[in-house]
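Here is the file my_file.csv (CSV, C-alpha atoms).
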```csv
chain,number,residue,atom,x,y,z
E,1473,MET,CA,-13.7,10.7,20.6
E,1474,SER,CA,-10.6,11.5,18.6
E,1475,LEU,CA,-10.3,10.2,15.1
E,1476,THR,CA,-7.0,8.6,14.1
E,1477,PHE,CA,-5.1,9.6,11.0
E,1478,HIS,CA,-2.3,7.7,9.3
E,1479,TRP,CA,-0.2,8.8,6.4
E,1480,PHE,CA,1.6,6.8,3.7
E,1481,LEU,CA,5.3,6.1,2.9
E,1482,PRO,CA,5.7,5.8,-0.9
E,1483,THR,CA,8.3,3.0,-0.9
E,1484,ASN,CA,7.5,2.6,-4.6
E,1485,GLY,CA,8.7,6.2,-5.4
E,1486,ASP,CA,7.1,9.6,-5.2
E,1487,SER,CA,6.2,12.4,-7.7
E,1488,ARG,CA,4.2,15.4,-8.4
E,1489,HIS,CA,2.3,13.0,-10.7
E,1490,VAL,CA,0.5,9.8,-9.6
E,1491,VAL,CA,2.8,6.9,-9.2
E,1492,GLY,CA,0.8,4.1,-10.8
E,1493,GLY,CA,1.1,0.3,-10.5
E,1494,GLY,CA,0.6,-2.1,-7.7
E,1495,HIS,CA,-1.6,-5.3,-7.4
E,1496,GLY,CA,0.6,-7.2,-9.8
E,1497,THR,CA,1.5,-4.3,-12.1
E,1498,PRO,CA,4.8,-2.5,-12.1
E,1499,ALA,CA,5.3,1.1,-10.8
E,1500,THR,CA,5.0,3.7,-13.5
E,1501,ALA,CA,7.9,5.8,-14.6
E,1502,SER,CA,6.8,8.7,-12.4
E,1503,GLY,CA,8.0,6.7,-9.4
E,1504,ARG,CA,11.6,7.5,-10.4
E,1505,ASP,CA,11.0,11.3,-9.9
E,1506,ARG,CA,11.7,11.0,-6.2
E,1507,PRO,CA,13.3,7.7,-5.4
E,1508,PRO,CA,12.3,6.0,-2.1
E,1509,THR,CA,15.5,6.7,-0.3
E,1510,VAL,CA,15.6,6.4,3.5
E,1511,ALA,CA,16.4,10.2,3.6
E,1512,TYR,CA,13.3,11.2,1.6
E,1513,LEU,CA,11.0,8.7,3.3
E,1514,SER,CA,12.3,10.0,6.7
E,1515,GLN,CA,11.5,13.5,5.6
E,1516,ILE,CA,7.9,12.5,4.9
E,1517,ALA,CA,7.7,10.5,8.2
E,1518,ARG,CA,9.0,13.5,10.3
E,1519,ALA,CA,6.5,15.8,8.6
E,1520,ALA,CA,3.7,13.3,9.4
E,1521,GLU,CA,4.8,12.9,12.9
E,1522,ASP,CA,5.0,16.7,13.5
E,1523,LEU,CA,1.6,17.3,11.9
E,1524,GLY,CA,-0.2,14.8,14.1
E,1525,PHE,CA,-0.5,11.6,12.1
E,1526,VAL,CA,-0.4,8.5,14.3
E,1527,GLY,CA,1.3,6.2,11.9
E,1528,ALA,CA,2.3,5.6,8.3
E,1529,LEU,CA,1.4,2.7,6.0
E,1530,THR,CA,3.9,1.0,3.8
E,1531,PRO,CA,2.8,-1.1,0.8
E,1532,THR,CA,4.0,-4.6,0.0
E,1533,GLY,CA,4.7,-6.3,-3.3
E,1534,ALA,CA,7.2,-6.6,-6.1
E,1535,TRP,CA,6.6,-2.9,-7.1
E,1536,CYS,CA,8.1,-1.4,-3.9
E,1537,GLU,CA,10.8,-1.7,-1.4
E,1538,ASP,CA,10.5,-4.2,1.4
E,1539,ALA,CA,8.3,-2.8,4.2
E,1540,TRP,CA,10.0,-4.4,7.2
E,1541,LEU,CA,13.5,-3.3,6.3
E,1542,THR,CA,12.5,0.2,5.2
E,1543,THR,CA,10.4,1.0,8.2
E,1544,ALA,CA,13.0,-0.3,10.6
E,1545,MET,CA,15.5,2.2,9.1
E,1546,VAL,CA,13.1,5.1,8.9
E,1547,SER,CA,12.0,4.5,12.5
E,1548,GLN,CA,15.5,5.5,13.6
E,1549,HIS,CA,14.8,9.0,12.2
E,1550,THR,CA,11.5,9.5,14.0
E,1551,GLN,CA,10.4,9.5,17.6
E,1552,ARG,CA,6.7,8.9,17.9
E,1553,LEU,CA,5.3,7.8,14.5
E,1554,LYS,CA,4.1,4.3,14.3
E,1555,PHE,CA,4.6,2.1,11.2
E,1556,LEU,CA,1.7,0.2,9.6
E,1557,VAL,CA,3.9,-2.5,8.0
E,1558,ALA,CA,2.2,-4.5,5.2
E,1559,PHE,CA,3.3,-8.1,4.9
E,1560,ARG,CA,2.1,-11.3,3.4
E,1561,PRO,CA,1.6,-14.4,5.6
E,1562,GLY,CA,2.6,-16.8,2.9
E,1563,PHE,CA,6.2,-15.4,2.6
E,1564,VAL,CA,7.5,-16.0,6.1
E,1565,SER,CA,6.9,-18.5,8.9
E,1566,PRO,CA,4.4,-17.5,11.6
E,1567,THR,CA,6.9,-18.0,14.4
E,1568,LEU,CA,9.6,-15.9,12.6
E,1569,ALA,CA,7.0,-13.2,11.9
E,1570,ALA,CA,5.9,-13.1,15.6
E,1571,GLN,CA,9.6,-12.9,16.6
E,1572,MET,CA,10.3,-10.1,14.1
E,1573,ALA,CA,7.3,-8.1,15.4
E,1574,ALA,CA,8.5,-8.5,19.0
E,1575,THR,CA,11.9,-7.3,18.0
E,1576,PHE,CA,10.5,-4.3,16.1
E,1577,GLN,CA,8.4,-3.4,19.1
E,1578,ARG,CA,11.4,-3.4,21.5
E,1579,GLN,CA,13.8,-1.6,19.1
E,1580,SER,CA,11.3,1.0,18.1
E,1581,GLY,CA,9.6,1.7,21.4
E,1582,GLY,CA,6.4,0.0,20.6
E,1583,ARG,CA,5.7,1.6,17.2
E,1584,LEU,CA,4.7,-1.3,15.1
E,1585,LEU,CA,1.3,-1.9,13.5
E,1586,LEU,CA,0.7,-4.8,11.1
E,1587,ASN,CA,-1.3,-4.7,7.9
E,1588,VAL,CA,-1.9,-8.3,6.9
E,1589,VAL,CA,-2.2,-8.7,3.1
E,1590,THR,CA,-3.3,-12.1,1.9
E,1591,GLY,CA,-2.6,-11.4,-1.7
E,1592,GLY,CA,-5.1,-11.2,-4.6
E,1593,GLU,CA,-2.9,-11.9,-7.6
E,1594,SER,CA,-1.8,-15.5,-8.1
E,1595,HIS,CA,0.7,-14.6,-10.8
E,1596,GLU,CA,2.5,-12.3,-8.3
E,1597,GLN,CA,2.3,-14.8,-5.5
E,1598,ARG,CA,3.8,-17.5,-7.7
E,1599,ALA,CA,6.8,-15.3,-8.4
E,1600,TYR,CA,7.5,-15.6,-4.6
E,1601,GLY,CA,7.0,-19.3,-4.6
E,1602,ASP,CA,3.4,-19.3,-3.4
E,1603,PHE,CA,1.2,-21.6,-5.5
E,1604,LEU,CA,-2.0,-21.7,-3.4
E,1605,ASP,CA,-5.2,-20.4,-4.8
E,1606,LYS,CA,-7.0,-17.4,-3.3
E,1607,ASP,CA,-9.3,-19.2,-0.9
E,1608,ALA,CA,-6.5,-21.4,0.3
E,1609,ARG,CA,-4.4,-18.3,0.9
E,1610,TYR,CA,-7.1,-16.9,3.2
E,1611,ARG,CA,-7.4,-20.1,5.1
E,1612,ARG,CA,-3.6,-20.1,5.6
E,1613,THR,CA,-3.8,-16.5,6.8
E,1614,GLY,CA,-6.3,-17.6,9.4
E,1615,GLU,CA,-3.9,-20.3,10.6
E,1616,PHE,CA,-1.0,-17.8,10.5
E,1617,LEU,CA,-2.8,-15.3,12.7
E,1618,ARG,CA,-3.9,-17.9,15.1
E,1619,ILE,CA,-0.3,-19.0,15.7
E,1620,VAL,CA,1.1,-15.5,15.9
E,1621,ARG,CA,-1.6,-14.3,18.3
E,1622,GLU,CA,-1.0,-17.2,20.6
E,1623,LEU,CA,2.7,-16.7,20.5
E,1624,TRP,CA,2.3,-13.1,21.4
E,1625,GLU,CA,0.2,-14.2,24.4
E,1626,GLY,CA,3.2,-16.2,25.6
E,1627,LYS,CA,1.8,-19.5,24.8
E,1628,THR,CA,3.6,-22.6,23.5
E,1629,VAL,CA,2.0,-23.4,20.2
E,1630,ASP,CA,1.5,-26.8,18.6
E,1631,LEU,CA,-0.6,-26.7,15.4
E,1632,ALA,CA,-1.0,-29.1,12.5
E,1633,GLY,CA,-3.2,-27.1,10.2
E,1634,GLU,CA,-4.2,-27.5,6.6
E,1635,HIS,CA,-1.3,-25.2,5.4
E,1636,LEU,CA,0.9,-24.5,8.5
E,1637,ARG,CA,2.5,-26.7,11.0
E,1638,VAL,CA,4.5,-25.7,14.1
E,1639,GLU,CA,5.6,-27.8,17.1
E,1640,ASP,CA,6.7,-26.5,20.5
E,1641,ALA,CA,6.7,-22.9,19.1
E,1642,LYS,CA,7.4,-20.2,21.8
E,1643,LEU,CA,8.8,-16.7,21.9
E,1644,ALA,CA,11.6,-16.0,24.4
E,1645,ARG,CA,10.2,-12.4,24.8
E,1646,VAL,CA,6.7,-11.4,23.8
E,1647,PRO,CA,6.1,-8.0,22.3
E,1648,ASP,CA,5.0,-5.2,24.6
E,1649,PRO,CA,2.6,-3.8,23.6
E,1650,VAL,CA,1.2,-6.4,21.3
E,1651,PRO,CA,0.9,-4.9,17.8
E,1652,GLN,CA,-2.5,-4.1,16.5
E,1653,VAL,CA,-3.5,-6.1,13.4
E,1654,TYR,CA,-5.1,-4.4,10.4
E,1655,PHE,CA,-6.7,-6.4,7.6
E,1656,GLY,CA,-8.8,-5.8,4.5
E,1657,GLY,CA,-10.7,-8.1,2.2
E,1658,SER,CA,-14.1,-8.1,0.5
E,1659,SER,CA,-14.7,-11.7,-0.2
E,1660,PRO,CA,-16.7,-14.0,2.1
E,1661,ILE,CA,-13.7,-15.9,3.3
E,1662,ALA,CA,-11.9,-12.7,4.0
E,1663,GLY,CA,-14.7,-11.7,6.3
E,1664,GLU,CA,-14.4,-14.9,8.2
E,1665,VAL,CA,-10.7,-14.3,8.9
E,1666,ALA,CA,-11.3,-10.7,9.8
E,1667,ALA,CA,-14.1,-11.6,12.3
E,1668,LYS,CA,-11.8,-14.0,14.2
E,1669,TYR,CA,-8.4,-12.3,14.3
E,1670,ILE,CA,-8.1,-8.7,13.4
E,1671,ASP,CA,-8.2,-5.5,15.4
E,1672,VAL,CA,-9.0,-3.0,12.6
E,1673,TYR,CA,-10.8,-3.8,9.4
E,1674,LEU,CA,-9.7,-1.6,6.5
E,1675,THR,CA,-11.7,-0.8,3.4
E,1676,TRP,CA,-10.7,1.1,0.4
E,1677,GLY,CA,-12.5,4.4,-0.2
E,1678,GLU,CA,-15.8,3.3,-1.7
E,1679,PRO,CA,-18.9,5.6,-1.5
E,1680,PRO,CA,-20.3,5.8,2.0
E,1681,ALA,CA,-23.3,3.6,1.2
E,1682,GLN,CA,-21.0,0.8,0.2
E,1683,VAL,CA,-18.7,1.3,3.2
E,1684,ALA,CA,-21.7,1.2,5.5
E,1685,LYS,CA,-22.7,-2.3,4.1
E,1686,LYS,CA,-19.2,-3.5,4.7
E,1687,ILE,CA,-19.1,-2.3,8.2
E,1688,ALA,CA,-22.4,-4.0,9.0
E,1689,TRP,CA,-21.2,-7.2,7.4
E,1690,ILE,CA,-18.0,-7.4,9.4
E,1691,ARG,CA,-19.7,-6.3,12.6
E,1692,GLY,CA,-22.2,-9.1,12.2
E,1693,LEU,CA,-19.5,-11.7,11.6
E,1694,ALA,CA,-17.4,-10.5,14.5
E,1695,ALA,CA,-20.3,-10.4,16.9
E,1696,LYS,CA,-20.7,-14.2,16.4
E,1697,GLU,CA,-17.1,-14.5,17.5
E,1698,GLY,CA,-17.6,-12.3,20.5
E,1699,ARG,CA,-15.4,-9.6,19.1
E,1700,THR,CA,-15.7,-5.9,18.3
E,1701,PRO,CA,-13.2,-4.7,15.7
E,1702,ARG,CA,-12.6,-1.1,14.8
E,1703,PHE,CA,-12.9,0.2,11.2
E,1704,GLY,CA,-10.7,2.3,9.0
E,1705,VAL,CA,-10.7,3.6,5.4
E,1706,ARG,CA,-7.8,3.9,2.9
E,1707,LEU,CA,-8.1,7.1,0.8
E,1708,HIS,CA,-6.0,9.5,-1.2
E,1709,VAL,CA,-6.6,13.2,-0.6
E,1710,ILE,CA,-6.4,16.5,-2.5
E,1711,THR,CA,-7.3,19.4,-0.2
E,1712,ARG,CA,-6.8,23.1,-0.9
E,1713,ASP,CA,-8.0,26.4,0.4
E,1714,THR,CA,-10.8,26.4,-2.1
E,1715,SER,CA,-12.7,23.7,-4.0
E,1716,GLU,CA,-11.7,25.2,-7.3
E,1717,GLN,CA,-8.0,24.9,-6.4
E,1718,ALA,CA,-8.4,21.3,-5.3
E,1719,TRP,CA,-10.3,20.2,-8.5
E,1720,ALA,CA,-7.7,22.0,-10.6
E,1721,GLU,CA,-5.1,19.8,-9.0
E,1722,ALA,CA,-7.1,16.7,-9.7
E,1723,ASP,CA,-7.5,17.8,-13.3
E,1724,ARG,CA,-3.7,18.4,-13.6
E,1725,LEU,CA,-3.1,14.8,-12.3
E,1726,LEU,CA,-5.6,13.4,-14.7
E,1727,ALA,CA,-4.0,15.3,-17.7
E,1728,GLY,CA,-0.8,13.5,-16.9
E,1729,PHE,CA,-2.2,10.0,-17.4
E,1730,ASP,CA,-0.8,8.7,-20.6
E,1731,PRO,CA,-3.6,6.8,-22.5
E,1732,GLU,CA,-1.3,3.8,-23.1
E,1733,THR,CA,-0.4,3.7,-19.4
E,1734,VAL,CA,-4.0,3.7,-18.4
E,1735,ARG,CA,-4.7,0.9,-20.9
E,1736,SER,CA,-1.8,-1.2,-19.7
E,1737,VAL,CA,-2.5,-0.7,-16.0
E,1738,GLN,CA,-6.2,-1.5,-16.5
E,1739,ALA,CA,-5.4,-4.6,-18.5
E,1740,GLY,CA,-3.2,-5.8,-15.7
E,1741,LEU,CA,-5.7,-5.0,-12.9
E,1742,THR,CA,-8.4,-6.9,-14.6
E,1743,ARG,CA,-6.4,-10.1,-13.9
E,1744,SER,CA,-6.7,-9.5,-10.2
E,1745,GLU,CA,-8.5,-12.0,-8.1
E,1746,SER,CA,-9.1,-9.4,-5.4
E,1747,GLU,CA,-12.8,-8.7,-4.8
E,1748,GLY,CA,-11.8,-5.3,-3.4
E,1749,GLN,CA,-9.9,-4.5,-6.6
E,1750,ARG,CA,-12.9,-5.5,-8.7
E,1751,ARG,CA,-15.0,-3.1,-6.7
E,1752,MET,CA,-12.4,-0.3,-7.3
E,1753,LEU,CA,-12.4,-0.9,-11.0
E,1754,ALA,CA,-16.2,-0.8,-11.1
E,1755,LEU,CA,-16.2,2.7,-9.8
E,1756,HIS,CA,-14.6,4.2,-12.9
E,1757,GLY,CA,-15.0,1.4,-15.5
E,1758,GLY,CA,-11.7,2.5,-17.1
E,1759,SER,CA,-13.2,5.8,-18.3
E,1760,ARG,CA,-12.1,9.3,-17.6
E,1761,ASP,CA,-15.7,10.5,-17.5
E,1762,ALA,CA,-17.9,10.9,-14.4
E,1763,LEU,CA,-15.1,10.3,-12.0
E,1764,GLU,CA,-16.7,12.1,-9.1
E,1765,ILE,CA,-18.7,9.1,-7.8
E,1766,HIS,CA,-19.9,10.8,-4.6
E,1767,PRO,CA,-19.6,14.4,-3.5
E,1768,ASN,CA,-15.9,15.1,-3.2
E,1769,LEU,CA,-15.0,11.5,-3.9
E,1770,TRP,CA,-12.9,11.1,-7.1
E,1771,ALA,CA,-12.1,7.7,-8.7
E,1772,GLY,CA,-9.4,9.1,-11.0
E,1773,ILE,CA,-6.4,7.6,-9.1
E,1774,GLY,CA,-7.6,4.1,-9.9
E,1775,LEU,CA,-7.1,4.6,-13.6
E,1776,VAL,CA,-3.4,4.1,-13.1
E,1777,ARG,CA,-3.0,2.7,-9.7
E,1778,GLY,CA,-4.0,-0.7,-8.2
E,1779,GLY,CA,-5.4,-0.9,-4.7
E,1780,ALA,CA,-6.7,2.3,-3.2
E,1781,GLY,CA,-8.0,4.2,-6.2
E,1782,THR,CA,-10.2,7.0,-4.8
E,1783,ALA,CA,-9.4,10.5,-3.4
E,1784,LEU,CA,-11.2,13.0,-1.3
E,1785,VAL,CA,-11.1,16.2,-3.4
E,1786,GLY,CA,-12.2,19.6,-2.2
E,1787,SER,CA,-11.7,22.6,0.1
E,1788,HIS,CA,-10.5,21.9,3.6
E,1789,ASP,CA,-14.0,22.4,4.8
E,1790,GLU,CA,-15.4,20.0,2.2
E,1791,VAL,CA,-12.9,17.3,3.0
E,1792,ALA,CA,-13.5,17.7,6.7
E,1793,GLU,CA,-17.3,17.2,6.0
E,1794,ARG,CA,-16.6,14.0,4.0
E,1795,ILE,CA,-14.4,12.7,6.8
E,1796,LYS,CA,-17.3,13.3,9.2
E,1797,GLU,CA,-19.6,11.5,6.9
E,1798,TYR,CA,-17.4,8.4,7.0
E,1799,ALA,CA,-17.0,8.8,10.8
E,1800,ALA,CA,-20.7,8.8,11.2
E,1801,LEU,CA,-20.8,5.3,9.7
E,1802,GLY,CA,-18.3,4.0,12.2
E,1803,ILE,CA,-14.9,4.7,10.6
E,1804,GLU,CA,-12.4,5.7,13.3
E,1805,GLU,CA,-9.1,5.5,11.4
E,1806,PHE,CA,-8.2,7.2,8.1
E,1807,VAL,CA,-5.1,6.0,6.2
E,1808,LEU,CA,-4.4,8.8,3.7
E,1809,SER,CA,-1.9,9.7,1.0
E,1810,GLY,CA,-1.4,12.3,-1.8
E,1811,TYR,CA,1.0,13.2,-4.5
E,1812,PRO,CA,3.7,14.3,-3.6
E,1813,HIS,CA,3.4,12.8,-0.2
E,1814,LEU,CA,5.6,15.4,1.5
E,1815,GLU,CA,3.6,18.4,0.3
E,1816,GLU,CA,0.2,16.8,0.6
E,1817,ALA,CA,0.8,15.9,4.2
E,1818,TYR,CA,1.1,19.6,5.0
E,1819,TRP,CA,-1.9,20.5,2.9
E,1820,PHE,CA,-4.0,18.1,5.0
E,1821,GLY,CA,-2.3,18.6,8.3
E,1822,GLU,CA,-2.5,22.3,8.2
E,1823,GLY,CA,-5.8,22.6,6.4
E,1824,VAL,CA,-8.1,19.8,7.5
E,1825,LEU,CA,-6.9,18.7,10.9
E,1826,PRO,CA,-7.4,22.1,12.6
E,1827,ARG,CA,-11.0,22.1,11.4
E,1828,LEU,CA,-11.6,18.7,12.9
E,1829,ALA,CA,-9.9,19.7,16.1
E,1830,ALA,CA,-12.1,22.8,16.4
E,1831,GLN,CA,-15.1,20.5,16.3
E,1832,GLY,CA,-13.7,18.1,18.9
E,1833,LEU,CA,-13.2,15.3,16.4
E,1834,TRP,CA,-9.4,15.2,16.6
E,1835,ARG,CA,-6.5,16.0,18.9
E,1836,HIS,CA,-2.8,15.9,18.3
E,1837,PRO,CA,-1.4,12.6,19.6
E,1838,ALA,CA,1.5,14.4,21.1
E,1839,GLY,CA,-0.8,16.8,23.0
E,1840,LYS,CA,0.1,19.8,20.9
E,1841,GLN,CA,-2.5,22.5,21.1
E,1842,GLU,CA,-2.1,23.5,17.5
E,1843,VAL,CA,-1.1,21.7,14.4
E,1844,ALA,CA,2.5,22.5,13.5
E,1845,SER,CA,2.8,25.3,10.9
E,1846,ALA,CA,6.3,24.5,9.6
E,1847,GLN,CA,6.8,25.6,6.0
E,1848,VAL,CA,7.8,23.3,3.2
E,1849,PRO,CA,9.8,24.4,0.1
E,1850,PHE,CA,7.1,24.5,-2.5
E,1851,ALA,CA,4.8,27.0,-4.0
E,1852,GLY,CA,1.2,26.4,-2.9
```
Turn this file's structure into structure tokens for me.
Amino acid sequence: MSLTFHWFLPTNGDSRHVVGGGHGTPATASGRDRPPTVAYLSQIARAAEDLGFVGALTPTGAWCEDAWLTTAMVSQHTQRLKFLVAFRPGFVSPTLAAQMAATFQRQSGGRLLLNVVTGGESHEQRAYGDFLDKDARYRRTGEFLRIVRELWEGKTVDLAGEHLRVEDAKLARVPDPVPQVYFGGSSPIAGEVAAKYIDVYLTWGEPPAQVAKKIAWIRGLAAKEGRTPRFGVRLHVITRDTSEQAWAEADRLLAGFDPETVRSVQAGLTRSESEGQRRMLALHGGSRDALEIHPNLWAGIGLVRGGAGTALVGSHDEVAERIKEYAALGIEEFVLSGYPHLEEAYWFGEGVLPRLAAQGLWRHPAGKQEVASAQVPFAG
């Protein structure tokens, strides 16, 4: 078995400090340090591709650039890297979304993955003209995925659902291959949708015991539908040659968190209707104390950033061991990021991936015998 690793394209801006915001809160000022230009994002994408990452996640929301347009442009500067495009079903018709995905597959050479984001913040959804409540949004997501999947199968679709209606819908050309669908959600209704329609269930980086419960929950629901999804985890990472160096970097990032920014972001995130966000907030409680919530699992990122708020912190060997711990639970895919995203891709790609390869847990998707050892212009 070879574990799959994805990186992250910071379409909300990048920095040597944490770029906070998300989940209904604006990006922090640090996001202006390295603007998310196509040139810079392509530099990150090429590094990730060379190092052996399979794909790159892009976020969605008012705080960042549009994921579809940005990845379409960046794809022209890469050859193999796939793009895990986050999108919200309520913002586009299912037939158009199915057509867009098919076009992306043809024009990129089959490099599209889809991360379905139902949306946990009603105030942000309303800004886009979506006035459904959370449970209704998930029911709509289910209808949306049913339509899209049937269109991708080449079927003509007629559906008069609770929220969506299409008549005589059909694609002139179906995508080849059909994009894999990624999805996350911790509420009961999210589990129902995941069980019926998704290929990969994503969880944020909670402690292993909590992740194990989520996996068992989704597996049980999916089994009733006759389905067997894969599982992935979304984490940040700070890996260095020694544990001391890694924790020193975490301390440096923490020291850069302005107290007023922490207070403002936390106040914004408490409005979130997302069960996953609530679980992230509970890991740190808004406090800078006791942020190592499991060996090498640090909750500091969540003080200023919505969504994924934990990081693996430690030496390359320690981070590899934590990855093995999650893999033992059934996690096959790891969606990672770090600040800045260019440099941290190399720290992980040159430090951790060779250790996993030596243990038979990873191989370069391009068949390279060794992880690339290109140098980047920064002092390590």
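Note that the spacing between atom CA of E:Leu1553 and atom CA of E:Phe1525 amounts to 7.3 Å.
Atom CA of E:Met1473 to atom CA of E:Thr1711 spans 23.4 Å [interatomic distance, one decimal].
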Pairwise distance for atom CA of E:Trp1540 and atom CA of E:Val1557, rounded to one decimal in Å: 6.4 Å
Residue contacts of stretch 1484-1501 of chain E (10 Å, all atoms listed in the file) excluding same-chain residues fewer than 3 positions away, as an MDAnalysis selection string: chainID E and resid 1481 1504:1509 1512:1513 1530:1538 1591:1597 1724:1729 1733:1734 1736:1741 1743:1746 1749 1773:1781 1810:1816
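Counting all atoms listed in the file and comparing E:Ala1662, E:Leu1523, E:Leu1475, E:Ala1511, the residue that lies closest to E:Val1705 is E:Leu1475.
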Residues near E:Ala1570, cut-off 10 Å, all atoms listed in the file, skip fewer than 5 positions along chain, as a ChimeraX atom specification: /E:1565,1575-1576,1616-1617,1619-1624,1642-1643,1646-1647,1650-1651
Residues within 10 Å of (-4.7, -25.9, 11.5), counting all atoms listed in the file, listed as a PyMOL selection string: chain E and resi 1611-1612+1614-1616+1618-1619+1630-1638
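Between E:Arg1706 and the residues E:Leu1604, E:Leu1801, E:Leu1529, E:Ala1817, the shortest atom-to-atom distance, using all atoms listed in the file, involves E:Leu1529.
Candidate residues E:Ile1661, E:Val1824, E:Ala1799, E:Ala1718 were compared for distance to E:Val1785, and the nearest is E:Ala1718, using all atoms listed in the file.
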